[in-house]
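Asks: Okay, so here is query.txt, and as you'll see once you scroll down, it has compact mmCIF, C-alpha atoms.
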# COMPACT_ATOMS: atom_id res chain seq x y z
CA MET A 1 -5.38 -9.45 46.65
CA SER A 2 -3.69 -12.63 45.43
CA HIS A 3 -1.83 -12.79 42.16
CA SER A 4 -4.27 -15.38 40.76
CA LYS A 5 -7.24 -13.12 41.52
CA LYS A 6 -5.48 -10.17 39.90
CA ALA A 7 -4.82 -12.28 36.82
CA ARG A 8 -8.47 -13.34 36.60
CA LEU A 9 -9.60 -9.72 36.89
CA ALA A 10 -7.13 -8.67 34.21
CA ILE A 11 -8.35 -11.38 31.85
CA ALA A 12 -11.96 -10.45 32.49
CA SER A 13 -11.19 -6.79 31.85
CA LEU A 14 -9.43 -7.67 28.60
CA ARG A 15 -12.38 -9.78 27.43
CA GLN A 16 -14.76 -6.94 28.20
CA LYS A 17 -12.64 -4.48 26.22
CA LEU A 18 -12.48 -6.81 23.26
CA ALA A 19 -16.20 -7.40 23.35
CA THR A 20 -17.10 -3.72 23.51
CA SER A 21 -14.38 -2.30 21.30
CA SER A 22 -15.24 -1.48 17.71
CA LEU A 23 -11.61 -1.93 16.66
CA LEU A 24 -11.52 -5.73 16.69
CA PRO A 25 -14.70 -6.30 14.62
CA HIS A 26 -13.50 -3.79 12.06
CA ILE A 27 -10.11 -5.47 11.83
CA LEU A 28 -11.67 -8.90 11.47
CA ALA A 29 -14.06 -7.65 8.80
CA VAL A 30 -11.41 -6.15 6.56
CA VAL A 31 -8.82 -8.86 7.23
CA SER A 32 -11.26 -11.63 6.31
CA GLY A 33 -12.25 -9.84 3.11
CA THR A 34 -8.72 -9.00 2.07
CA ALA A 35 -7.45 -12.45 3.03
CA GLY A 36 -10.14 -13.94 0.82
CA ALA A 37 -9.06 -11.69 -2.02
CA GLN A 38 -5.42 -12.67 -1.63
CA ALA A 39 -6.39 -16.34 -1.49
CA ILE A 40 -8.19 -15.88 -4.80
CA VAL A 41 -5.16 -14.16 -6.30
CA PHE A 42 -2.91 -16.99 -5.12
CA ALA A 43 -5.32 -19.64 -6.43
CA PHE A 44 -5.35 -18.06 -9.89
CA SER A 45 -1.58 -17.49 -9.97
CA PRO A 46 -0.60 -21.00 -11.16
CA LEU A 47 -2.99 -20.63 -14.11
CA ILE A 48 -1.84 -17.12 -14.96
CA THR A 49 1.87 -17.96 -14.78
CA ARG A 50 1.29 -20.90 -17.13
CA ILE A 51 -0.76 -18.87 -19.59
CA TYR A 52 1.52 -15.82 -19.73
CA SER A 53 5.28 -15.93 -20.22
CA PRO A 54 7.76 -14.29 -17.82
CA GLU A 55 8.36 -11.60 -20.46
CA VAL A 56 4.66 -10.68 -20.56
CA TYR A 57 4.49 -10.81 -16.78
CA GLY A 58 7.49 -8.50 -16.63
CA VAL A 59 5.81 -5.91 -18.88
CA GLN A 60 2.83 -5.90 -16.54
CA GLY A 61 5.24 -5.47 -13.65
CA VAL A 62 6.74 -2.38 -15.29
CA PHE A 63 3.24 -0.94 -15.73
CA LEU A 64 2.32 -1.68 -12.12
CA SER A 65 5.50 0.05 -11.05
CA LEU A 66 4.49 3.20 -12.91
CA ILE A 67 1.03 3.12 -11.31
CA SER A 68 2.61 2.81 -7.86
CA ILE A 69 4.92 5.75 -8.51
CA PHE A 70 2.40 8.16 -10.03
CA SER A 71 -0.84 7.27 -8.24
CA PRO A 72 0.11 9.18 -5.03
CA VAL A 73 0.15 12.43 -7.01
CA ALA A 74 -2.92 11.66 -9.12
CA ALA A 75 -5.10 13.36 -6.49
CA LEU A 76 -2.27 14.66 -4.27
CA ARG A 77 -3.37 12.20 -1.56
CA TYR A 78 -6.43 14.31 -0.73
CA PRO A 79 -8.67 11.18 -0.64
CA MET A 80 -6.96 10.29 2.67
CA ALA A 81 -8.31 13.53 4.14
CA ILE A 82 -11.87 12.22 3.76
CA VAL A 83 -11.42 10.19 6.95
CA VAL A 84 -10.35 13.15 9.09
CA ALA A 85 -12.69 15.79 7.62
CA ASN A 86 -14.62 17.78 10.23
CA ASP A 87 -18.07 16.90 8.90
CA ALA A 88 -19.89 14.97 6.17
CA VAL A 89 -20.22 18.03 3.93
CA SER A 90 -16.45 18.63 4.03
CA ALA A 91 -15.80 14.94 3.35
CA SER A 92 -18.09 15.05 0.32
CA ARG A 93 -16.40 18.19 -0.98
CA ILE A 94 -12.95 16.62 -0.55
CA ALA A 95 -14.12 13.55 -2.47
CA ARG A 96 -15.29 15.64 -5.41
CA LEU A 97 -12.16 17.76 -5.27
CA SER A 98 -10.02 14.61 -5.41
CA VAL A 99 -11.78 13.34 -8.52
CA PHE A 100 -11.42 16.75 -10.19
CA ILE A 101 -7.67 16.87 -9.45
CA ALA A 102 -7.26 13.34 -10.81
CA CYS A 103 -9.06 14.28 -14.03
CA VAL A 104 -6.70 17.23 -14.49
CA MET A 105 -3.65 15.08 -13.78
CA ALA A 106 -4.76 12.28 -16.11
CA SER A 107 -5.42 14.80 -18.90
CA ALA A 108 -1.99 16.35 -18.36
CA ALA A 109 -0.37 12.91 -18.53
CA ALA A 110 -2.17 12.13 -21.78
CA LEU A 111 -1.06 15.47 -23.23
CA VAL A 112 2.57 14.77 -22.35
CA LEU A 113 2.38 11.34 -23.95
CA ALA A 114 0.85 12.81 -27.10
CA PHE A 115 3.90 15.02 -27.67
CA ALA A 116 6.74 13.05 -26.06
CA GLN A 117 5.84 9.37 -25.75
CA GLN A 118 9.24 7.94 -26.66
CA PRO A 119 11.31 10.33 -24.50
CA VAL A 120 8.98 9.62 -21.57
CA LEU A 121 9.42 5.88 -22.03
CA ARG A 122 13.21 6.27 -22.10
CA VAL A 123 13.28 8.45 -19.00
CA LEU A 124 11.06 6.01 -17.10
CA GLY A 125 13.00 2.99 -18.31
CA ALA A 126 9.73 1.56 -19.61
CA GLU A 127 10.47 1.06 -23.32
CA ALA A 128 9.03 -2.45 -23.04
CA LEU A 129 5.54 -0.96 -22.63
CA GLY A 130 5.45 0.80 -26.00
CA ASN A 131 1.94 2.04 -26.79
CA LEU A 132 0.61 0.34 -23.67
CA ILE A 133 1.80 3.42 -21.77
CA TRP A 134 -1.47 5.04 -22.89
CA PHE A 135 -3.27 2.95 -20.31
CA LEU A 136 -1.47 4.92 -17.57
CA PRO A 137 -3.80 7.98 -17.50
CA VAL A 138 -6.79 5.64 -17.35
CA ALA A 139 -5.24 3.69 -14.50
CA LEU A 140 -4.45 6.83 -12.48
CA LEU A 141 -8.03 8.05 -12.70
CA ALA A 142 -9.35 4.58 -11.81
CA VAL A 143 -7.08 4.38 -8.75
CA THR A 144 -8.33 7.76 -7.52
CA LEU A 145 -11.96 6.71 -7.90
CA ASN A 146 -11.20 3.61 -5.87
CA ASP A 147 -9.39 5.63 -3.17
CA VAL A 148 -12.29 8.06 -2.87
CA THR A 149 -14.92 5.35 -2.45
CA ASP A 150 -12.69 3.33 -0.13
CA TYR A 151 -11.90 6.19 2.27
CA SER A 152 -15.52 7.37 2.14
CA ALA A 153 -16.65 3.90 3.18
CA ALA A 154 -13.97 3.78 5.90
CA ARG A 155 -15.27 7.08 7.29
CA ARG A 156 -18.71 5.43 7.65
CA ASN A 157 -17.08 2.33 9.24
CA ALA A 158 -18.36 0.22 6.35
CA PHE A 159 -15.42 -2.16 6.66
CA ARG A 160 -17.50 -5.29 6.14
CA LYS A 161 -18.72 -3.99 2.78
CA ILE A 162 -15.16 -3.10 1.82
CA GLY A 163 -14.09 -6.67 2.56
CA VAL A 164 -16.88 -8.14 0.44
CA VAL A 165 -16.10 -5.88 -2.52
CA VAL A 166 -12.35 -6.55 -2.37
CA THR A 167 -13.01 -10.29 -2.52
CA ALA A 168 -15.47 -10.01 -5.41
CA GLN A 169 -13.15 -7.71 -7.35
CA ALA A 170 -10.22 -10.11 -6.97
CA PHE A 171 -12.27 -12.96 -8.43
CA ILE A 172 -13.61 -10.91 -11.36
CA THR A 173 -10.21 -9.43 -12.20
CA ASN A 174 -8.28 -12.70 -12.14
CA LEU A 175 -10.99 -14.56 -14.02
CA ALA A 176 -10.76 -11.88 -16.70
CA ARG A 177 -6.99 -12.35 -16.84
CA VAL A 178 -7.35 -16.09 -17.33
CA LEU A 179 -10.09 -15.85 -19.96
CA GLY A 180 -8.29 -13.05 -21.77
CA GLY A 181 -5.06 -15.02 -21.73
CA LEU A 182 -6.74 -18.06 -23.23
CA VAL A 183 -7.83 -15.88 -26.14
CA SER A 184 -4.54 -14.01 -26.53
CA PRO A 185 -1.76 -14.25 -23.88
CA VAL A 186 -0.24 -10.85 -24.58
CA ALA A 187 0.80 -8.00 -22.31
CA GLY A 188 -2.04 -5.79 -23.52
CA ILE A 189 -4.59 -8.06 -21.85
CA LEU A 190 -2.89 -7.89 -18.45
CA VAL A 191 -2.22 -4.16 -18.66
CA GLY A 192 -5.75 -3.31 -19.80
CA ILE A 193 -7.40 -5.34 -17.04
CA THR A 194 -5.02 -3.89 -14.45
CA SER A 195 -5.95 -0.36 -15.58
CA VAL A 196 -9.72 -0.67 -15.16
CA ALA A 197 -9.80 -3.02 -12.15
CA PRO A 198 -9.74 -0.21 -9.51
CA ALA A 199 -12.66 1.55 -11.20
CA VAL A 200 -14.65 -1.69 -11.18
CA GLN A 201 -13.97 -2.05 -7.46
CA ALA A 202 -15.07 1.55 -6.86
CA LEU A 203 -18.30 0.99 -8.76
CA MET A 204 -19.11 -2.19 -6.82
CA LEU A 205 -18.45 -0.49 -3.47
CA LYS A 206 -20.58 2.48 -4.52
CA ILE A 207 -23.47 0.22 -5.47
CA LEU A 208 -23.18 -1.90 -2.33
CA SER A 209 -22.92 1.12 -0.05
CA GLY A 210 -25.85 2.89 -1.64
CA SER A 211 -24.89 6.07 0.23
CA LYS A 212 -26.18 9.46 -0.75
CA GLN A 213 -23.76 12.30 -1.22
CA CYS A 214 -24.23 15.19 1.15
CA ARG A 215 -25.81 18.23 -0.45
CA GLN A 216 -23.15 20.91 -0.54
CA PRO A 217 -23.99 24.58 0.03
CA ARG A 218 -23.52 26.72 -3.06
CA LEU A 219 -22.54 29.88 -1.20
CA SER A 220 -18.81 30.61 -0.79
CA SER A 221 -17.95 27.44 -2.67
CA SER A 222 -14.52 28.62 -3.85
CA GLN A 223 -13.66 29.98 -0.40
CA ASN A 224 -14.67 26.73 1.31
CA THR A 225 -12.67 24.71 -1.19
CA ALA A 226 -9.58 26.86 -0.63
CA GLN A 227 -9.97 26.45 3.12
CA LEU A 228 -10.18 22.67 2.73
CA LEU A 229 -7.08 22.63 0.54
CA TYR A 230 -5.15 24.61 3.13
CA ARG A 231 -6.48 22.74 6.16
CA HIS A 232 -5.35 19.39 4.75
CA ARG A 233 -2.16 20.64 3.11
CA ASP A 234 -0.06 18.02 4.91
CA PHE A 235 -1.30 15.41 2.46
CA PRO A 236 -0.01 17.02 -0.77
CA LEU A 237 3.05 18.53 0.94
CA TYR A 238 4.29 15.48 2.82
CA ARG A 239 2.17 12.38 2.27
CA ALA A 240 2.10 12.49 -1.53
CA PRO A 241 5.90 12.84 -1.98
CA THR A 242 6.44 10.31 0.80
CA ASP A 243 4.32 7.72 -1.00
CA VAL A 244 6.03 8.52 -4.29
CA LEU A 245 9.43 7.86 -2.71
CA ASP A 246 8.08 4.67 -1.14
CA ALA A 247 6.74 3.51 -4.50
CA ILE A 248 10.03 4.29 -6.22
CA GLY A 249 11.87 2.37 -3.52
CA GLN A 250 9.55 -0.61 -3.92
CA THR A 251 9.27 -0.63 -7.70
CA SER A 252 12.72 0.53 -8.78
CA PRO A 253 14.01 -3.07 -8.89
CA VAL A 254 11.38 -3.92 -11.53
CA LEU A 255 12.36 -1.03 -13.79
CA ILE A 256 16.10 -1.37 -13.16
CA LEU A 257 16.17 -5.16 -13.55
CA SER A 258 14.26 -4.79 -16.81
CA TYR A 259 16.79 -2.20 -17.96
CA LEU A 260 19.96 -3.95 -16.75
CA PHE A 261 18.91 -7.45 -17.76
CA THR A 262 15.63 -8.44 -19.46
CA PRO A 263 11.87 -8.12 -18.90
CA ALA A 264 11.92 -11.82 -17.99
CA VAL A 265 14.15 -11.10 -14.99
CA ALA A 266 11.79 -8.32 -13.98
CA GLY A 267 8.93 -10.82 -14.28
CA LEU A 268 10.67 -13.18 -11.87
CA TYR A 269 11.00 -10.34 -9.38
CA VAL A 270 7.36 -9.25 -9.86
CA LEU A 271 6.07 -12.73 -9.03
CA ALA A 272 8.33 -12.96 -5.97
CA ARG A 273 7.13 -9.58 -4.73
CA SER A 274 3.47 -10.41 -5.33
CA VAL A 275 3.72 -13.64 -3.32
CA ILE A 276 5.69 -12.36 -0.34
CA ASN A 277 3.52 -9.24 -0.29
CA LEU A 278 0.48 -11.39 0.55
CA PRO A 279 0.76 -10.82 4.34
CA LEU A 280 1.51 -7.15 3.75
CA ASN A 281 -1.48 -6.78 1.44
CA VAL A 282 -3.81 -8.54 3.88
CA ILE A 283 -2.64 -6.78 7.03
CA GLY A 284 -1.35 -3.46 5.73
CA SER A 285 -4.12 -2.62 3.29
CA ALA A 286 -6.81 -4.18 5.44
CA VAL A 287 -6.15 -2.87 8.92
CA GLY A 288 -4.30 0.32 7.99
CA ASN A 289 -7.42 2.49 7.92
CA VAL A 290 -8.69 0.84 11.10
CA TYR A 291 -5.46 1.74 12.92
CA TYR A 292 -5.61 5.22 11.42
CA THR A 293 -9.08 5.98 12.79
CA HIS A 294 -8.38 4.24 16.12
CA PHE A 295 -5.20 6.20 16.84
CA ALA A 296 -6.94 9.44 15.86
CA GLU A 297 -9.73 8.67 18.31
CA LEU A 298 -7.23 7.97 21.12
CA ALA A 299 -5.51 11.27 20.41
CA ARG A 300 -8.80 13.17 20.52
CA LYS A 301 -9.45 11.63 23.94
CA ARG A 302 -5.98 12.73 25.08
CA GLU A 303 -4.95 9.14 25.76
CA LYS A 304 -1.40 7.83 25.38
CA LEU A 305 -0.60 6.27 22.01
CA PHE A 306 2.71 4.54 22.74
CA PRO A 307 1.29 1.47 24.55
CA ALA A 308 -1.15 0.76 21.71
CA VAL A 309 1.43 1.31 18.96
CA LEU A 310 4.12 -0.75 20.72
CA LYS A 311 1.75 -3.64 21.35
CA ALA A 312 0.56 -3.67 17.75
CA THR A 313 4.16 -3.51 16.49
CA LEU A 314 5.25 -6.49 18.63
CA ILE A 315 2.20 -8.49 17.52
CA HIS A 316 2.96 -7.82 13.86
CA PHE A 317 6.59 -8.86 14.26
CA SER A 318 5.97 -12.02 16.31
CA LEU A 319 2.87 -13.32 14.53
CA LEU A 320 3.78 -12.29 10.97
CA GLY A 321 7.46 -11.45 10.65
CA VAL A 322 9.07 -14.38 12.46
CA PRO A 323 6.91 -17.10 10.80
CA MET A 324 7.59 -15.55 7.41
CA LEU A 325 11.35 -15.69 7.98
CA ILE A 326 11.08 -19.38 8.86
CA VAL A 327 8.89 -20.29 5.88
CA SER A 328 11.15 -18.39 3.46
CA ALA A 329 13.61 -21.30 3.51
CA LEU A 330 11.09 -23.28 1.43
CA PHE A 331 10.42 -20.58 -1.16
CA PRO A 332 12.56 -21.91 -4.08
CA ALA A 333 11.00 -25.37 -3.93
CA LEU A 334 7.50 -23.97 -3.38
CA PHE A 335 7.74 -21.56 -6.32
CA ALA A 336 8.98 -24.32 -8.63
CA PHE A 337 6.18 -26.66 -7.53
CA VAL A 338 3.32 -24.15 -7.65
CA PHE A 339 4.27 -21.95 -10.60
CA GLY A 340 6.55 -24.18 -12.64
CA GLU A 341 10.27 -24.93 -12.71
CA GLU A 342 11.08 -21.79 -14.72
CA TRP A 343 9.98 -19.71 -11.71
CA ARG A 344 12.41 -21.30 -9.20
CA MET A 345 14.72 -18.28 -9.27
CA SER A 346 11.72 -16.16 -8.32
CA GLY A 347 11.59 -18.17 -5.10
CA VAL A 348 15.27 -17.44 -4.46
CA PHE A 349 14.55 -13.74 -4.92
CA ALA A 350 11.69 -14.05 -2.44
CA GLN A 351 13.98 -15.52 0.22
CA TRP A 352 16.08 -12.38 0.34
CA MET A 353 13.18 -9.97 -0.14
CA THR A 354 11.61 -11.37 3.03
CA LEU A 355 14.15 -9.38 5.04
CA TRP A 356 12.60 -6.01 4.21
CA ILE A 357 9.02 -7.30 4.06
CA VAL A 358 9.35 -8.21 7.75
CA GLY A 359 10.36 -4.63 8.51
CA MET A 360 7.37 -3.26 6.61
CA LEU A 361 4.98 -5.63 8.38
CA SER A 362 6.31 -4.67 11.79
CA ASN A 363 6.04 -0.95 11.15
CA ILE A 364 2.43 -0.80 9.88
CA PRO A 365 1.15 0.65 13.21
CA GLY A 366 4.03 3.14 13.35
CA VAL A 367 3.36 4.41 9.84
CA ARG A 368 -0.37 4.78 10.48
CA VAL A 369 0.09 6.82 13.66
CA LEU A 370 2.36 9.42 12.03
CA PRO A 371 -0.42 11.62 10.57
CA VAL A 372 -2.00 11.70 14.04
CA ILE A 373 1.15 12.93 15.80
CA GLY A 374 2.31 15.24 13.01
CA GLY A 375 5.25 13.07 11.98
CA GLN A 376 4.76 12.93 8.22
CA ARG A 377 7.91 14.97 7.63
CA VAL A 378 9.98 12.25 9.31
CA HIS A 379 8.24 9.63 7.19
CA LEU A 380 9.20 11.57 4.08
CA LEU A 381 12.84 11.60 5.22
CA PHE A 382 12.90 7.86 5.93
CA ASN A 383 11.28 6.95 2.64
CA GLY A 384 13.93 8.96 0.85
CA MET A 385 16.60 7.02 2.74
CA ILE A 386 14.93 3.70 1.89
CA MET A 387 14.73 4.58 -1.78
CA MET A 388 18.37 5.69 -2.00
CA GLY A 389 19.65 2.79 0.10
CA GLY A 390 17.77 0.23 -1.93
CA MET A 391 18.84 1.60 -5.30
CA ALA A 392 22.44 1.86 -4.10
CA GLY A 393 22.35 -1.77 -3.03
CA LEU A 394 20.82 -2.78 -6.36
CA PHE A 395 23.53 -1.14 -8.45
CA TYR A 396 26.26 -2.28 -6.06
CA GLY A 397 25.15 -5.90 -6.36
CA HIS A 398 25.08 -5.60 -10.14
CA ALA A 399 28.52 -3.97 -10.20
CA ILE A 400 30.35 -6.59 -8.11
CA HIS A 401 28.84 -9.76 -9.61
CA GLY A 402 26.77 -8.70 -12.61
CA THR A 403 23.94 -11.13 -11.82
CA PRO A 404 20.25 -10.50 -11.08
CA LEU A 405 20.49 -12.44 -7.82
CA SER A 406 23.37 -10.31 -6.52
CA ALA A 407 21.43 -7.16 -7.33
CA VAL A 408 18.34 -8.40 -5.47
CA VAL A 409 20.41 -9.58 -2.48
CA TRP A 410 22.10 -6.23 -1.91
CA PHE A 411 18.88 -4.34 -2.56
CA SER A 412 17.20 -6.41 0.15
CA ILE A 413 20.02 -5.97 2.65
CA GLY A 414 20.14 -2.20 2.16
CA THR A 415 16.41 -1.67 2.56
CA ALA A 416 16.11 -4.11 5.49
CA VAL A 417 18.64 -2.18 7.56
CA ILE A 418 16.79 1.10 7.05
CA TYR A 419 13.37 -0.45 7.72
CA GLY A 420 14.67 -1.83 11.00
CA SER A 421 15.89 1.58 12.16
CA GLN A 422 12.59 3.09 11.00
CA VAL A 423 10.60 0.89 13.38
CA PHE A 424 12.55 2.10 16.42
CA ALA A 425 12.56 5.72 15.28
CA TYR A 426 8.77 5.83 14.91
CA LEU A 427 8.22 4.24 18.31
CA TRP A 428 10.50 6.89 19.81
CA LEU A 429 8.48 9.64 18.10
CA VAL A 430 5.23 8.27 19.52
CA ARG A 431 6.66 8.09 23.02
CA ARG A 432 7.94 11.65 22.77
CA TRP A 433 4.52 12.81 21.56
CA ASP A 434 2.90 11.16 24.57
CA GLY A 435 5.30 13.00 26.87
CA ASP A 436 4.63 16.35 25.23
CA MET A 437 0.88 15.77 25.42
CA MET A 438 0.99 14.91 29.14
CA SER A 439 3.19 17.93 29.86
CA ALA A 440 0.79 20.25 28.04
CA SER A 441 -2.30 18.89 29.83
Take the structure in the file and write it out as structure tokens.
Replies:
Amino acid sequence: MSHSKKARLAIASLRQKLATSSLLPHILAVVSGTAGAQAIVFAFSPLITRIYSPEVYGVQGVFLSLISIFSPVAALRYPMAIVVANDAVSASRIARLSVFIACVMASAAALVLAFAQQPVLRVLGAEALGNLIWFLPVALLAVTLNDVTDYSAARRNAFRKIGVVVTAQAFITNLARVLGGLVSPVAGILVGITSVAPAVQALMLKILSGSKQCRQPRLSSSQNTAQLLYRHRDFPLYRAPTDVLDAIGQTSPVLILSYLFTPAVAGLYVLARSVINLPLNVIGSAVGNVYYTHFAELARKREKLFPAVLKATLIHFSLLGVPMLIVSALFPALFAFVFGEEWRMSGVFAQWMTLWIVGMLSNIPGVRVLPVIGGQRVHLLFNGMIMMGGMAGLFYGHAIHGTPLSAVVWFSIGTAVIYGSQVFAYLWLVRRWDGDMMSAS
């Protein structure tokens, strides 16, 4: 057979796979919806940055940092188990269990604040929030409700509905920020809207889905619940602390910059992170659950995972990472033009932060395959290294030059090195898992 004929057959086979595969339509559905949402966020950003000052924006950034840190333990990451539950009844029970845990956690947080608000603010480095810290229990419960509805919809492959809701929620939330800011451009407006936005998204997805909860058997309810808790123990034992460490690693610059310098400096960093996170938000949040279910299905069929994970990793790096590195040279001028001259330094921050964003973009497939191959312990270890390396770089940069830029530069370098090694380590784990699977079969 000639090489040209082999090539034509290969292309035809690829087209047939793409046409019949459910992976590509699901990816396109969620990417289009999330891309639309991020476009809305970006379109509103020039208005929001001109209505609210960098100080106000920085206070919101501190609050968002706290949500990122504490939301993984709000329901102990049990909502993620909805996707891999054995049946619809178990998935429904996990959903209700997740909401119950979140209610307990939110109540506990409110109780702690009632007796020790000021010490808590000092420990968290969030004195700038003041009484706005009381929005935190509300936000944690709202995030859990959103996680439960989102993973429940993903289990039903309702990715198109998820995309529609994400877009609608982005418009409603940012319109509320603009209108609220025109009335009173204070931090309370931004923090309050941020707190309830996930619950609004959950409600819209619930209404659009119109799904009925499975009727749960009443017999042996406590025993079944205990079995579910034990069966999915990897999520509270490994995934929840892993995500907490990841959140601390990502958000520590906001809290530390606010503490070492001013909330305005933290606001510059928050805007830089929100802009350069656009590709990560679109791809990571959008296709993450699609990859998760796809890799799990391949594993159930006893098919090799390494070719799929490697291909996805290379695509993410070449189509997202490399272009982002090139465009980052224009960030200072673009930030000054779009958001105003006072935000130019935010663009300089973004240039350096691009280094570790590229690593995160490239490793999205690797991170999503870890629960499938039982590698969440390794993920916990790496996230601890990323957190410590980033914070060490942040304080080192501040110590040698005493400027916000130096702190951000060394933070970015430290985290980028670890993210790069993480990509290769996860690919090696997947390849080893394939070998063990083939040897066992």
Asks: Using all atoms listed in the file, which of A:Ala272, A:Ala329, A:Ala299, A:Val369 sits nearest A:Met345?
Replies: A:Ala272
Asks: Near stretch 330-337 of chain A, counting all atoms listed in the file, which residues have an atom at most 8 Å away, once you skip same-chain residues fewer than 3 positions from it, shown as a PyMOL selection string?
Replies: chain A and resi 327+340-348+350-351
Asks: Record the distance separating atom CA of A:Leu305 and atom CA of A:Asn157, expressed in Å with one decimal.
Replies: 21.2 Å
Asks: At a cut-off of 8 Å from (17.0, -6.2, 4.2) in the coordinates of the file, what residues are picked up using all atoms listed in the file, written as a ChimeraX atom specification?
Replies: /A:352-356,410-419
Asks: Give me the residues within 12 Å of A:Ile207 as a VMD selection string, counting only C-alpha atoms and dropping any in the same chain fewer than 4 places off.
Replies: chain A and resid 149 153 161 to 162 165 200 to 203 211 to 212
Asks: What are the closest atom pairs, with distances in Å to one decimal, for all residues of stretch 118-216 of chain A lying within 8 Å of stretch 96-100 of chain A? Consider all atoms listed in the file, order rows by chain and residue number, and present the result as JSON lines.
Replies:
{"residue": "A:Leu141", "atom": "CA", "partner": "A:Val99", "partner_atom": "CA", "distance": 7.7}
{"residue": "A:Thr144", "atom": "CA", "partner": "A:Val99", "partner_atom": "CA", "distance": 6.6}
{"residue": "A:Leu145", "atom": "CA", "partner": "A:Val99", "partner_atom": "CA", "distance": 6.7}
{"residue": "A:Val148", "atom": "CA", "partner": "A:Ser98", "partner_atom": "CA", "distance": 7.4}
Asks: Residues at most 8 Å from stretch 46-51 of chain A, counting all atoms listed in the file, excluding those fewer than 4 positions away in the same chain, as JSON, numbers by chain?
Replies: {"A": [42, 57, 177, 178, 181, 182, 185, 338, 339, 340]}
Asks: Let me make sure I understand: among A:Ile189, A:Leu66, A:Ala312, A:Val322, which one has the smallest atom-to-atom distance to A:Gly249 if we use all atoms listed in the file?
Replies: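 Ranking A:Ile189, A:Leu66, A:Ala312, A:Val322 by distance to A:Gly249, first place goes to A:Leu66.
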Asks: I need the residue nearest A:Thr313 from this list: A:Leu427, A:Leu260, A:Ala114, A:Gly402. Use all atoms listed in the file for the distance.
Replies: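 The answer is A:Leu427, which sits nearest to A:Thr313.
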Asks: What's the 9 Å shell around A:Leu228, counting only C-alpha atoms, without same-chain residues fewer than 2 positions away, as a VMD selection string?
Replies: chain A and resid 85 90 93 to 94 223 to 226 230 to 233
Asks: Would you save the residues from that selection as a compact mmCIF listing (two decimals), in the coordinates of the input, using C-alpha atoms?
Replies:
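After the write, selection_36.txt holds the following:
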# COMPACT_ATOMS: atom_id res chain seq x y z
CA ALA A 85 -12.69 15.79 7.62
CA SER A 90 -16.45 18.63 4.03
CA ARG A 93 -16.40 18.19 -0.98
CA ILE A 94 -12.95 16.62 -0.55
CA GLN A 223 -13.66 29.98 -0.40
CA ASN A 224 -14.67 26.73 1.31
CA THR A 225 -12.67 24.71 -1.19
CA ALA A 226 -9.58 26.86 -0.63
CA TYR A 230 -5.15 24.61 3.13
CA ARG A 231 -6.48 22.74 6.16
CA HIS A 232 -5.35 19.39 4.75
CA ARG A 233 -2.16 20.64 3.11
Asks: Smallest atom-to-atom distance to A:Ile248: which of A:Cys103, A:Leu121, A:Ile326, A:Ile67, using only C-alpha atoms?
Replies: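 Closest to A:Ile248, using only C-alpha atoms: A:Ile67.
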Asks: Atom CA of A:Ala126 and atom CA of A:Phe395 are how many Å apart?
Replies: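 Separating atom CA of A:Ala126 from atom CA of A:Phe395 is a distance of 18.0 Å.
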Asks: Do a neighbour search on A:Val270 at 7 Å with all atoms listed in the file, toss out local chain neighbours closer than 5 positions, and write the hits as a list in words.
Replies: Gly58, Gly61 and Val254 of chain A
Asks: Next, dump the selected residues to file, keeping only C-alpha atoms, as a PDB file, in the frame of the given file.
Replies:
ATOM      1  CA  GLY A  58       7.490  -8.500 -16.630  1.00  0.00           C
ATOM      2  CA  GLY A  61       5.240  -5.470 -13.650  1.00  0.00           C
ATOM      3  CA  VAL A 254      11.380  -3.920 -11.530  1.00  0.00           C
TER       4      VAL A 254
END
Asks: How many Å lie between atom CA of A:Ala264 and atom CA of A:Phe70, rounded to one decimal?
Replies: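 Answer for the atom CA of A:Ala264 to atom CA of A:Phe70 separation: 23.5 Å.
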Asks: Scan for residues within 9 Å of the point (-3.1, 4.4, -1.6) in the coordinates of the file, using only C-alpha atoms, and reply as a VMD selection string.
Replies: chain A and resid 68 71 to 72 77 79 to 80 143 to 144 147 243 285
Asks: If I wrap all listed atoms of stretch 185-193 of chain A in a box with edges along x, y and z and add 6 Å on each side, what are its centre and edge lengths in Å to one decimal, as JSON?
Replies:
{"center_x": -3.3, "center_y": -8.8, "center_z": -20.8, "size_x": 20.2, "size_y": 22.9, "size_z": 19.5}
Asks: With distances taken over only C-alpha atoms, which of A:Val309, A:Ala199, A:Ala81, A:Val123 is nearest to A:Phe235?
Replies: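 Looking at the shortest contact to A:Phe235, the residue is A:Ala81.
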Asks: Using all atoms listed in the file for the distances, tell me which of A:Phe171, A:Tyr269, A:Tyr238, A:Phe115 is nearest to A:Gln250.
Replies: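 Closest residue, counting all atoms listed in the file: A:Tyr269.
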